file protein_16.csv (CSV, C-alpha atoms (C1' of nucleotides))
chain,number,residue,atom,x,y,z
A,452,MET,CA,6.2,-18.3,-5.4
A,453,LYS,CA,6.9,-14.6,-5.0
A,454,VAL,CA,8.2,-12.8,-2.0
A,455,SER,CA,6.7,-9.4,-1.8
A,456,GLN,CA,8.0,-6.3,-0.1
A,457,LYS,CA,5.7,-7.1,2.8
A,458,GLY,CA,7.2,-10.6,2.9
A,459,LEU,CA,10.7,-9.1,3.1
A,460,TYR,CA,9.7,-6.8,5.9
A,461,ALA,CA,8.3,-9.7,7.8
A,462,LEU,CA,11.5,-11.7,7.4
A,463,GLN,CA,13.6,-8.7,8.4
A,464,ALA,CA,11.5,-8.1,11.5
A,465,LEU,CA,11.7,-11.7,12.5
A,466,MET,CA,15.5,-11.8,12.0
A,467,MET,CA,15.7,-8.8,14.3
A,468,LEU,CA,13.5,-10.5,16.9
A,469,ALA,CA,15.6,-13.7,16.5
A,470,ARG,CA,18.8,-11.7,17.4
A,471,ARG,CA,16.9,-10.3,20.5
A,472,TYR,CA,15.5,-13.7,21.5
A,473,ARG,CA,15.0,-14.0,25.3
A,474,GLN,CA,15.4,-10.2,25.8
A,475,GLY,CA,11.7,-9.8,26.4
A,476,ALA,CA,9.2,-7.9,24.3
A,477,ILE,CA,10.5,-5.4,21.7
A,478,ARG,CA,8.4,-2.5,20.7
A,479,ILE,CA,7.1,-2.2,17.2
A,480,ARG,CA,8.7,1.2,17.0
A,481,ASP,CA,12.1,-0.2,17.9
A,482,ILE,CA,11.8,-2.9,15.3
A,483,ALA,CA,10.7,-0.4,12.7
A,484,TYR,CA,13.5,2.0,13.6
A,485,GLU,CA,16.3,-0.6,13.6
A,486,GLU,CA,15.3,-2.4,10.4
A,487,ASN,CA,14.1,0.9,8.8
A,488,LEU,CA,10.6,-0.3,8.1
A,489,PRO,CA,7.4,1.7,7.9
A,490,GLU,CA,6.0,1.5,11.4
A,491,LYS,CA,2.3,1.4,10.7
A,492,PHE,CA,2.7,-1.1,8.0
A,493,LEU,CA,4.8,-3.3,10.2
A,494,GLU,CA,2.0,-3.2,12.8
A,495,LEU,CA,-0.2,-5.1,10.4
A,496,ILE,CA,2.5,-7.5,9.4
A,497,LEU,CA,3.2,-8.4,13.1
A,498,LEU,CA,-0.5,-8.9,13.7
A,499,GLU,CA,-0.6,-11.4,10.8
A,500,LEU,CA,2.5,-13.2,12.2
A,501,LYS,CA,0.9,-13.3,15.6
A,502,ASN,CA,-2.3,-14.9,14.2
A,503,ALA,CA,0.0,-17.4,12.5
A,504,ARG,CA,1.6,-18.2,16.0
A,505,LEU,CA,5.0,-17.2,14.9
A,506,VAL,CA,5.3,-14.3,17.4
A,507,GLU,CA,3.4,-13.3,20.5
A,508,SER,CA,2.6,-9.9,21.8
A,509,VAL,CA,2.6,-8.2,25.2
A,510,ARG,CA,0.0,-5.4,25.4
A,511,GLY,CA,0.1,-2.2,27.3
A,512,ALA,CA,3.0,-0.2,28.5
A,513,LYS,CA,6.3,-2.1,28.4
A,514,GLY,CA,4.7,-4.2,25.8
A,515,GLY,CA,6.0,-5.4,22.4
A,516,TYR,CA,6.6,-8.5,20.3
A,517,GLN,CA,8.8,-11.5,20.7
A,518,LEU,CA,9.3,-14.8,18.9
A,519,LYS,CA,6.9,-17.5,20.0
A,520,ARG,CA,9.5,-20.3,19.4
A,521,PRO,CA,13.3,-20.4,19.4
A,522,PRO,CA,14.8,-19.0,16.2
A,523,ASN,CA,16.0,-22.5,15.1
A,524,GLN,CA,12.4,-23.7,15.1
A,525,ILE,CA,10.9,-21.0,12.9
A,526,PHE,CA,11.3,-21.8,9.2
A,527,LEU,CA,11.3,-19.4,6.3
A,528,SER,CA,8.6,-21.5,4.7
A,529,GLU,CA,6.2,-20.7,7.5
A,530,VAL,CA,6.9,-17.0,7.2
A,531,ILE,CA,6.5,-16.8,3.5
A,532,ARG,CA,3.4,-19.0,3.4
A,533,THR,CA,1.9,-16.7,6.0
A,534,VAL,CA,2.4,-13.4,4.3
A,535,ASP,CA,2.9,-14.4,0.6
A,536,GLY,CA,0.9,-17.6,0.2
A,537,PRO,CA,1.8,-20.9,-1.3
A,538,LEU,CA,5.4,-21.8,-2.4
A,539,ALA,CA,4.2,-23.2,-5.7
A,540,PRO,CA,4.8,-21.0,-8.8
A,541,PHE,CA,1.2,-21.6,-9.8
A,542,ALA,CA,-1.8,-22.4,-7.6
A,543,ASP,CA,-0.7,-24.4,-4.5
A,544,GLY,CA,0.6,-27.9,-3.8
A,545,ALA,CA,-2.9,-29.5,-3.5
A,546,GLY,CA,-4.2,-27.5,-6.5
A,547,LEU,CA,-1.3,-28.6,-8.6
A,548,GLN,CA,-1.8,-32.3,-7.6
A,549,HIS,CA,-5.4,-32.0,-8.6
A,550,LEU,CA,-4.5,-30.6,-12.0
A,551,ILE,CA,-1.9,-33.3,-12.5
A,552,ASP,CA,-4.5,-35.9,-11.8
A,553,SER,CA,-7.4,-34.4,-13.8
A,554,ASP,CA,-5.9,-32.4,-16.7
A,555,LYS,CA,-4.5,-35.2,-18.9
A,556,SER,CA,-3.2,-32.9,-21.7
A,557,HIS,CA,-1.2,-30.6,-19.4
A,558,ARG,CA,-0.2,-32.9,-16.5
A,559,GLN,CA,3.4,-32.9,-17.6
A,560,LEU,CA,3.5,-29.1,-17.4
A,561,TYR,CA,1.9,-29.1,-13.9
A,562,SER,CA,4.4,-31.8,-12.8
A,563,VAL,CA,7.2,-29.5,-13.6
A,564,PHE,CA,5.6,-26.7,-11.6
A,565,MET,CA,5.3,-29.3,-8.7
A,566,ASP,CA,9.0,-30.1,-9.1
A,567,VAL,CA,9.8,-26.4,-8.7
A,568,ARG,CA,7.5,-26.1,-5.7
A,569,ASN,CA,9.2,-29.1,-4.1
A,570,ALA,CA,12.6,-27.7,-4.7
A,571,ALA,CA,11.7,-24.3,-3.1
A,572,ALA,CA,9.9,-26.1,-0.2
A,573,HIS,CA,13.0,-28.3,0.5
A,574,ILE,CA,15.2,-25.2,0.9
A,575,LEU,CA,12.7,-23.0,2.8
A,576,GLU,CA,11.5,-25.8,5.1
A,577,ASN,CA,15.0,-26.5,6.2
A,578,THR,CA,16.2,-23.0,6.7
A,579,SER,CA,15.4,-21.3,10.0
A,580,LEU,CA,15.6,-17.8,11.4
A,581,ALA,CA,18.7,-19.0,13.4
A,582,ASP,CA,20.4,-19.8,10.1
A,583,ILE,CA,20.1,-16.3,8.7
A,584,ALA,CA,19.8,-14.0,11.8
A,585,GLY,CA,23.5,-13.6,11.9
A,586,ASP,CA,25.3,-12.3,15.0
A,587,ALA,CA,22.8,-13.7,17.5
A,588,PRO,CA,23.6,-15.4,20.8
A,589,PRO,CA,22.0,-18.8,20.1
A,590,PRO,CA,20.1,-20.5,22.9
A,591,ASP,CA,22.6,-23.4,22.8
A,592,ALA,CA,25.9,-22.3,21.4
A,593,GLY,CA,28.5,-24.2,19.4
A,594,LYS,CA,26.7,-26.3,16.8
A,595,LYS,CA,28.6,-27.0,13.5
A,596,LYS,CA,27.0,-24.9,10.8
A,597,HIS,CA,27.5,-26.6,7.5
A,598,ARG,CA,28.5,-23.6,5.4
A,599,GLY,CA,26.0,-21.3,7.0
A,600,ARG,CA,22.8,-23.0,5.9
A,601,GLN,CA,20.5,-25.8,7.3
A,602,SER,CA,19.5,-26.0,10.9
A,603,ALA,CA,17.2,-27.6,13.5
A,604,GLU,CA,18.7,-31.0,14.3
A,605,HIS,CA,17.2,-34.0,12.4
B,759,MET,CA,8.9,-16.6,-9.2
B,760,LYS,CA,5.2,-16.6,-10.0
B,761,VAL,CA,3.6,-18.0,-13.1
B,762,SER,CA,0.5,-15.9,-14.0
B,763,GLN,CA,-2.6,-17.0,-15.9
B,764,LYS,CA,-1.0,-15.3,-18.8
B,765,GLY,CA,2.1,-17.3,-18.4
B,766,LEU,CA,0.1,-20.5,-18.3
B,767,TYR,CA,-1.7,-19.5,-21.5
B,768,ALA,CA,1.7,-18.9,-23.2
B,769,LEU,CA,2.9,-22.3,-22.2
B,770,GLN,CA,-0.3,-24.0,-23.3
B,771,ALA,CA,-0.1,-22.2,-26.7
B,772,LEU,CA,3.5,-23.2,-27.1
B,773,MET,CA,2.8,-26.8,-26.2
B,774,MET,CA,0.2,-26.9,-28.9
B,775,LEU,CA,2.6,-25.4,-31.4
B,776,ALA,CA,5.1,-27.9,-30.3
B,777,ARG,CA,2.7,-30.8,-31.1
B,778,ARG,CA,2.1,-29.2,-34.6
B,779,TYR,CA,5.8,-28.5,-35.2
B,780,ARG,CA,6.6,-28.6,-39.0
B,781,GLN,CA,2.9,-28.4,-39.9
B,782,GLY,CA,3.2,-24.8,-41.0
B,783,ALA,CA,1.7,-21.7,-39.5
B,784,ILE,CA,-1.3,-22.2,-37.2
B,785,ARG,CA,-3.9,-19.5,-36.9
B,786,ILE,CA,-4.4,-17.7,-33.5
B,787,ARG,CA,-8.0,-18.7,-33.7
B,788,ASP,CA,-7.2,-22.4,-33.9
B,789,ILE,CA,-4.7,-22.2,-31.0
B,790,ALA,CA,-7.3,-20.4,-28.9
B,791,TYR,CA,-10.0,-22.8,-29.8
B,792,GLU,CA,-8.1,-26.0,-29.2
B,793,GLU,CA,-6.5,-24.9,-26.0
B,794,ASN,CA,-9.6,-22.9,-24.9
B,795,LEU,CA,-7.9,-19.6,-24.5
B,796,PRO,CA,-9.3,-16.1,-24.9
B,797,GLU,CA,-8.5,-15.2,-28.5
B,798,LYS,CA,-7.7,-11.5,-28.2
B,799,PHE,CA,-5.6,-11.9,-25.1
B,800,LEU,CA,-3.7,-14.7,-26.8
B,801,GLU,CA,-2.9,-12.3,-29.7
B,802,LEU,CA,-1.0,-10.1,-27.3
B,803,ILE,CA,0.8,-13.1,-25.7
B,804,LEU,CA,1.9,-14.4,-29.1
B,805,LEU,CA,3.2,-11.0,-30.1
B,806,GLU,CA,5.3,-11.0,-26.9
B,807,LEU,CA,6.6,-14.5,-27.6
B,808,LYS,CA,7.5,-13.3,-31.2
B,809,ASN,CA,9.4,-10.3,-29.9
B,810,ALA,CA,11.3,-12.8,-27.7
B,811,ARG,CA,12.1,-14.9,-30.7
B,812,LEU,CA,10.4,-18.0,-29.4
B,813,VAL,CA,7.8,-18.1,-32.3
B,814,GLU,CA,7.6,-16.5,-35.7
B,815,SER,CA,4.5,-15.3,-37.5
B,816,VAL,CA,3.3,-15.4,-41.1
B,817,ARG,CA,1.1,-12.5,-42.0
B,818,GLY,CA,-1.8,-12.2,-44.3
B,819,ALA,CA,-4.2,-14.9,-45.5
B,820,LYS,CA,-2.9,-18.4,-44.7
B,821,GLY,CA,-0.9,-16.8,-42.0
B,822,GLY,CA,-0.4,-17.9,-38.4
B,823,TYR,CA,2.2,-18.8,-35.8
B,824,GLN,CA,4.8,-21.5,-35.5
B,825,LEU,CA,7.8,-22.2,-33.2
B,826,LYS,CA,11.0,-20.5,-34.3
B,827,ARG,CA,13.1,-23.4,-33.0
B,828,PRO,CA,12.5,-27.2,-32.5
B,829,PRO,CA,10.5,-28.0,-29.4
B,830,ASN,CA,13.5,-29.6,-27.7
B,831,GLN,CA,15.4,-26.3,-28.0
B,832,ILE,CA,12.8,-24.1,-26.3
B,833,PHE,CA,13.0,-24.1,-22.6
B,834,LEU,CA,10.4,-23.3,-20.0
B,835,SER,CA,12.8,-20.8,-18.4
B,836,GLU,CA,12.7,-18.7,-21.6
B,837,VAL,CA,9.0,-18.7,-21.7
B,838,ILE,CA,8.4,-17.8,-18.1
B,839,ARG,CA,11.1,-15.1,-18.1
B,840,THR,CA,9.5,-13.6,-21.2
B,841,VAL,CA,6.0,-13.4,-19.9
B,842,ASP,CA,6.4,-13.4,-16.1
B,843,GLY,CA,9.8,-12.0,-15.5
B,844,PRO,CA,12.8,-13.3,-13.4
B,845,LEU,CA,12.8,-16.7,-11.8
B,846,ALA,CA,14.0,-15.4,-8.5
B,847,PRO,CA,11.4,-15.1,-5.7
B,848,PHE,CA,12.6,-11.5,-5.0
B,849,ALA,CA,14.1,-9.1,-7.5
B,850,ASP,CA,16.2,-10.9,-10.1
B,851,GLY,CA,19.5,-12.8,-10.1
B,852,ALA,CA,21.7,-9.8,-10.6
B,853,GLY,CA,19.7,-7.7,-8.1
B,854,LEU,CA,20.0,-10.5,-5.5
B,855,GLN,CA,23.7,-10.8,-6.1
B,856,HIS,CA,24.1,-7.1,-5.6
B,857,LEU,CA,22.1,-7.2,-2.3
B,858,ILE,CA,24.2,-10.2,-1.1
B,859,ASP,CA,27.4,-8.1,-1.8
B,860,SER,CA,26.1,-4.8,-0.4
B,861,ASP,CA,23.6,-5.5,2.4
B,862,LYS,CA,25.8,-7.0,5.2
B,863,SER,CA,23.0,-7.5,7.7
B,864,HIS,CA,20.7,-9.4,5.4
B,865,ARG,CA,23.0,-11.2,3.0
B,866,GLN,CA,22.2,-14.6,4.4
B,867,LEU,CA,18.6,-14.1,3.7
B,868,TYR,CA,19.2,-13.0,0.2
B,869,SER,CA,21.5,-16.0,-0.3
B,870,VAL,CA,18.6,-18.3,0.5
B,871,PHE,CA,16.5,-16.4,-2.1
B,872,MET,CA,19.4,-17.0,-4.5
B,873,ASP,CA,19.4,-20.7,-3.7
B,874,VAL,CA,15.7,-20.9,-4.4
B,875,ARG,CA,16.2,-19.1,-7.7
B,876,ASN,CA,19.0,-21.4,-8.7
B,877,ALA,CA,16.9,-24.5,-7.9
B,878,ALA,CA,14.0,-23.2,-10.0
B,879,ALA,CA,16.4,-22.2,-12.8
B,880,HIS,CA,18.0,-25.6,-12.8
B,881,ILE,CA,14.7,-27.3,-13.5
B,882,LEU,CA,13.3,-24.8,-15.9
B,883,GLU,CA,16.4,-24.4,-17.9
B,884,ASN,CA,16.6,-28.1,-18.5
B,885,THR,CA,13.0,-28.8,-19.4
B,886,SER,CA,11.9,-28.1,-23.0
B,887,LEU,CA,8.6,-28.0,-24.7
B,888,ALA,CA,9.4,-31.4,-26.2
B,889,ASP,CA,9.5,-32.8,-22.6
B,890,ILE,CA,6.0,-31.6,-21.8
B,891,ALA,CA,4.2,-31.4,-25.1
B,892,GLY,CA,3.0,-35.0,-24.9
B,893,ASP,CA,1.8,-36.9,-28.0
B,894,ALA,CA,4.0,-35.1,-30.5
B,895,PRO,CA,5.9,-36.6,-33.4
B,896,PRO,CA,9.4,-35.5,-32.3
B,897,PRO,CA,11.8,-34.4,-35.1
B,898,ASP,CA,14.1,-37.2,-34.3
B,899,ALA,CA,12.2,-40.1,-32.7
B,900,GLY,CA,13.3,-42.7,-30.2
B,901,LYS,CA,15.3,-41.0,-27.5
B,902,LYS,CA,15.2,-42.4,-23.9
B,903,LYS,CA,13.2,-40.1,-21.8
B,904,HIS,CA,14.4,-40.4,-18.2
B,905,ARG,CA,11.0,-40.5,-16.4
B,906,GLY,CA,9.5,-37.9,-18.7
B,907,ARG,CA,11.6,-35.0,-17.7
B,908,GLN,CA,14.9,-33.4,-18.9
B,909,SER,CA,15.8,-32.9,-22.6
B,910,ALA,CA,18.1,-31.4,-25.2
B,911,GLU,CA,21.3,-33.5,-25.4
B,912,HIS,CA,24.3,-32.1,-23.6
C,574,DA,C1',-5.7,8.9,36.1
C,575,DT,C1',-2.2,9.1,32.9
C,576,DT,C1',0.8,7.3,29.7
C,577,DA,C1',2.5,3.8,26.8
C,578,DT,C1',1.6,0.3,23.7
C,579,DG,C1',-0.7,-3.2,21.0
C,580,DT,C1',-5.5,-3.9,18.2
C,581,DC,C1',-8.6,-3.1,14.8
C,582,DT,C1',-11.1,-0.9,11.0
C,583,DA,C1',-11.3,2.1,7.2
C,584,DC,C1',-9.4,4.3,3.6
C,585,DA,C1',-6.7,5.2,-0.6
C,586,DA,C1',-3.0,5.8,-4.2
C,587,DA,C1',-0.4,3.2,-7.3
C,588,DC,C1',0.3,-0.7,-9.8
C,589,DA,C1',-0.6,-5.4,-11.8
C,590,DT,C1',-3.7,-8.5,-14.1
C,591,DG,C1',-6.8,-10.2,-17.4
C,592,DA,C1',-9.0,-9.0,-20.6
C,593,DT,C1',-11.8,-6.4,-25.1
C,594,DA,C1',-12.3,-3.1,-29.2
C,595,DG,C1',-11.1,-1.4,-33.3
C,596,DA,C1',-8.3,0.6,-36.8
C,597,DG,C1',-4.2,-0.5,-39.5
C,598,DT,C1',-1.2,-3.6,-42.4
C,599,DA,C1',0.4,-7.5,-45.1
C,600,DT,C1',-0.6,-11.6,-48.0
C,601,DG,C1',-3.0,-15.1,-50.9
C,602,DC,C1',-6.0,-15.8,-54.4
C,603,DC,C1',-9.3,-15.0,-58.2
D,963,DG,C1',-7.0,-4.9,-58.9
D,964,DG,C1',-9.7,-6.2,-55.2
D,965,DC,C1',-11.6,-9.0,-51.7
D,966,DA,C1',-11.0,-11.9,-47.9
D,967,DT,C1',-8.0,-13.4,-44.3
D,968,DA,C1',-4.9,-12.9,-40.5
D,969,DC,C1',-1.4,-10.8,-38.0
D,970,DT,C1',-0.2,-5.9,-35.7
D,971,DC,C1',-0.6,-2.2,-32.7
D,972,DT,C1',-2.7,1.1,-29.6
D,973,DA,C1',-6.1,2.3,-26.5
D,974,DT,C1',-9.2,1.3,-23.0
D,975,DC,C1',-11.1,-0.8,-18.9
D,976,DA,C1',-12.7,-3.4,-14.8
D,977,DT,C1',-11.0,-5.6,-11.1
D,978,DG,C1',-7.8,-7.0,-7.6
D,979,DT,C1',-3.4,-6.6,-5.1
D,980,DT,C1',0.2,-4.1,-3.0
D,981,DT,C1',1.8,-0.7,0.0
D,982,DG,C1',1.0,2.0,2.7
D,983,DT,C1',-1.6,5.9,6.3
D,984,DA,C1',-5.1,7.5,9.8
D,985,DG,C1',-7.5,7.3,13.8
D,986,DA,C1',-10.3,5.4,17.3
D,987,DC,C1',-10.1,1.7,20.7
D,988,DA,C1',-8.4,-1.6,24.4
D,989,DT,C1',-5.1,-3.0,27.8
D,990,DA,C1',-1.5,-2.8,31.1
D,991,DA,C1',2.2,-0.3,34.1
D,992,DT,C1',3.0,3.2,37.3
call {"tool": "encode", "arguments": {"input": "protein_16.csv", "output": "structure tokens"}}
result
Amino acid sequence: MKVSQKGLYALQALMMLARRYRQGAIRIRDIAYEENLPEKFLELILLELKNARLVESVRGAKGGYQLKRPPNQIFLSEVIRTVDGPLAPFADGAGLQHLIDSDKSHRQLYSVFMDVRNAAAHILENTSLADIAGDAPPPDAGKKKHRGRQSAEH
Amino acid sequence: MKVSQKGLYALQALMMLARRYRQGAIRIRDIAYEENLPEKFLELILLELKNARLVESVRGAKGGYQLKRPPNQIFLSEVIRTVDGPLAPFADGAGLQHLIDSDKSHRQLYSVFMDVRNAAAHILENTSLADIAGDAPPPDAGKKKHRGRQSAEH
DNA sequence: ATTATGTCTACAAACATGATAGAGTATGCC
DNA sequence: GGCATACTCTATCATGTTTGTAGACATAAT
């Protein structure tokens, strides 16, 4: 898995929206300005995130973007998969499994790739925007934060 | 981290050389034929692996390539770093650490990236060619293989 | 209506990827 | 020595991806 510049922009924008959660729609221009991102490029990214149901938009004057779910229910894995594709270092989870099953002479190699994918997935599927957004007023305050990582009860 | 087609070719070639360890130099053509890799492209890859001291070459007639160290002392992390760059999903380990130290408002995000990098590194730095080469006659036979992964005593 | 703002399509420069071609160099062997 | 064999090195190239920019269009508030 590789996080591109675009992926980083997406995460930065979402962190900003997480900090502003429940403050209504934020204009693209404001996100771009505050996070110092190229505005027109950010437009495309937000559109992609909207199609992936991570954010929602309000059109017209007074419009903008906001998170579609609370920050502690949006996971980094979703964001990265949306903008940068599968978490696996080669192919994707299903593709790797197929290779493991079908390519006898390299299955051990692909199994290692699968291990790497699973390790990355374990981290990214258990880290939410709330965990990394920083100085946000969380919807329900006062939950013990085991060293700053991990979130979303369960 | 992303493993490219080229990276996969490199690993396949090295697995083949691991299986033939101590059988002398193997011709590029034979590696390409047996692993079904594009010959001229493989040339460039092997040159890169040679510069990284993972293999050594014998020039002239009867020449070819062989591993520079025993299969259980060549780790997947070295191969991937050589042909596909850093294991981190963004930038590299040092770059991430610098960002964590300097970019206050995003340090938690970069810390997650660092966690992902560390998880990948832990796997790939502890898996050797001997672990994945398969039906090879290992230099010293009969060592318990904990589920087929992990190697190199320590 | 006018203004503000998201939506959508097209375009493009720069770079990365996955190769191929061919001249050059070293070695084994007769 | 001279030929055949193989690695070495540089150049080239087609294609795709990345990182944007531009501009026309649609929608909503006032």
call {"tool": "residues_around", "arguments": {"input": "protein_16.csv", "residues": "region 849-852 of chain B", "least_positions_apart": "6", "cutoff": "9 Å", "atoms": "only C-alpha atoms (C1' of nucleotides)", "output": "ChimeraX atom specification"}}
result
/A:454 /B:843,872,875-876
call {"tool": "residues_around", "arguments": {"input": "protein_16.csv", "residues": "Leu468 (chain A)", "least_positions_apart": "3", "cutoff": "8 Å", "atoms": "all atoms listed in the file", "output": "VMD selection string"}}
result
chain A and resid 464 to 465 471 to 472 477 482 516 to 518
call {"tool": "closest_atom_pairs", "arguments": {"input": "protein_16.csv", "of": "region 784-883 of chain B", "to": "region 583-591 of chain C", "cutoff": "12 Å", "atoms": "all atoms listed in the file", "output": "tab-separated table"}}
result
residue	atom	partner	partner_atom	distance
B:Leu795	CA	C:DG591	C1'	11.8
B:Pro796	CA	C:DG591	C1'	9.9
B:Lys798	CA	C:DG591	C1'	10.9
B:Phe799	CA	C:DG591	C1'	8.0
B:Leu800	CA	C:DG591	C1'	10.9
B:Leu802	CA	C:DG591	C1'	11.5
B:Ile803	CA	C:DG591	C1'	11.6
B:Asp842	CA	C:DT590	C1'	11.4
call {"tool": "write_last_selection", "arguments": {"input": "protein_16.csv", "atoms": "C-alpha atoms", "output": "PDB file, keeping the file's coordinate frame"}}
result
ATOM      1  CA  LEU B 795      -7.900 -19.600 -24.500  1.00  0.00           C
ATOM      2  CA  PRO B 796      -9.300 -16.100 -24.900  1.00  0.00           C
ATOM      3  CA  LYS B 798      -7.700 -11.500 -28.200  1.00  0.00           C
ATOM      4  CA  PHE B 799      -5.600 -11.900 -25.100  1.00  0.00           C
ATOM      5  CA  LEU B 800      -3.700 -14.700 -26.800  1.00  0.00           C
ATOM      6  CA  LEU B 802      -1.000 -10.100 -27.300  1.00  0.00           C
ATOM      7  CA  ILE B 803       0.800 -13.100 -25.700  1.00  0.00           C
ATOM      8  CA  ASP B 842       6.400 -13.400 -16.100  1.00  0.00           C
TER       9      ASP B 842
END
call {"tool": "interface_residues", "arguments": {"input": "protein_16.csv", "of": "chain B", "to": "chain D", "cutoff": "8 Å", "atoms": "only C-alpha atoms (C1' of nucleotides)", "output": "list in words"}}
result
Arg785, Ser815, Val816, Arg817, Gly818, Ala819, Lys820, Gly821 and Gly822 of chain B
call {"tool": "closest_atom_pairs", "arguments": {"input": "protein_16.csv", "of": "chain C", "to": "chain A", "cutoff": "6 Å", "atoms": "all atoms listed in the file", "output": "JSON lines"}}
result
{"residue": "C:DA577", "atom": "C1'", "partner": "A:Ala512", "partner_atom": "CA", "distance": 4.4}
{"residue": "C:DT578", "atom": "C1'", "partner": "A:Gly511", "partner_atom": "CA", "distance": 4.6}
{"residue": "C:DG579", "atom": "C1'", "partner": "A:Arg510", "partner_atom": "CA", "distance": 5.0}
call {"tool": "decode", "arguments": {"input": "protein_16.csv", "residues": "chain C", "atoms": "C-alpha atoms (C1' of nucleotides)", "output": "PDB file, in the first residue's frame"}}
result
ATOM      1  C1'  DA C 574     -31.775  38.369 -10.892  1.00  0.00           C
ATOM      2  C1'  DT C 575     -27.566  38.077  -8.750  1.00  0.00           C
ATOM      3  C1'  DT C 576     -24.169  35.953  -6.204  1.00  0.00           C
ATOM      4  C1'  DA C 577     -22.113  32.110  -4.032  1.00  0.00           C
ATOM      5  C1'  DT C 578     -20.892  27.572  -4.197  1.00  0.00           C
ATOM      6  C1'  DG C 579     -20.601  22.691  -5.434  1.00  0.00           C
ATOM      7  C1'  DT C 580     -20.339  19.563 -10.051  1.00  0.00           C
ATOM      8  C1'  DC C 581     -18.435  17.900 -14.043  1.00  0.00           C
ATOM      9  C1'  DT C 582     -15.477  17.369 -18.089  1.00  0.00           C
ATOM     10  C1'  DA C 583     -11.372  18.246 -20.437  1.00  0.00           C
ATOM     11  C1'  DC C 584      -6.768  18.987 -20.649  1.00  0.00           C
ATOM     12  C1'  DA C 585      -1.827  18.716 -19.682  1.00  0.00           C
ATOM     13  C1'  DA C 586       2.919  18.645 -17.718  1.00  0.00           C
ATOM     14  C1'  DA C 587       5.853  15.754 -15.089  1.00  0.00           C
ATOM     15  C1'  DC C 588       7.066  11.469 -13.545  1.00  0.00           C
ATOM     16  C1'  DA C 589       6.942   6.342 -12.939  1.00  0.00           C
ATOM     17  C1'  DT C 590       6.604   1.819 -14.914  1.00  0.00           C
ATOM     18  C1'  DG C 591       7.747  -1.923 -17.780  1.00  0.00           C
ATOM     19  C1'  DA C 592       9.943  -2.970 -21.051  1.00  0.00           C
ATOM     20  C1'  DT C 593      13.434  -3.485 -25.699  1.00  0.00           C
ATOM     21  C1'  DA C 594      17.838  -2.629 -28.523  1.00  0.00           C
ATOM     22  C1'  DG C 595      22.393  -2.680 -29.234  1.00  0.00           C
ATOM     23  C1'  DA C 596      27.150  -1.680 -28.560  1.00  0.00           C
ATOM     24  C1'  DG C 597      30.719  -2.780 -25.202  1.00  0.00           C
ATOM     25  C1'  DT C 598      33.547  -5.844 -22.053  1.00  0.00           C
ATOM     26  C1'  DA C 599      35.217  -9.943 -19.740  1.00  0.00           C
ATOM     27  C1'  DT C 600      35.984 -14.995 -19.664  1.00  0.00           C
ATOM     28  C1'  DG C 601      36.405 -19.936 -21.044  1.00  0.00           C
ATOM     29  C1'  DC C 602      38.026 -22.927 -24.294  1.00  0.00           C
ATOM     30  C1'  DC C 603      40.142 -24.826 -28.476  1.00  0.00           C
TER      31       DC C 603
END
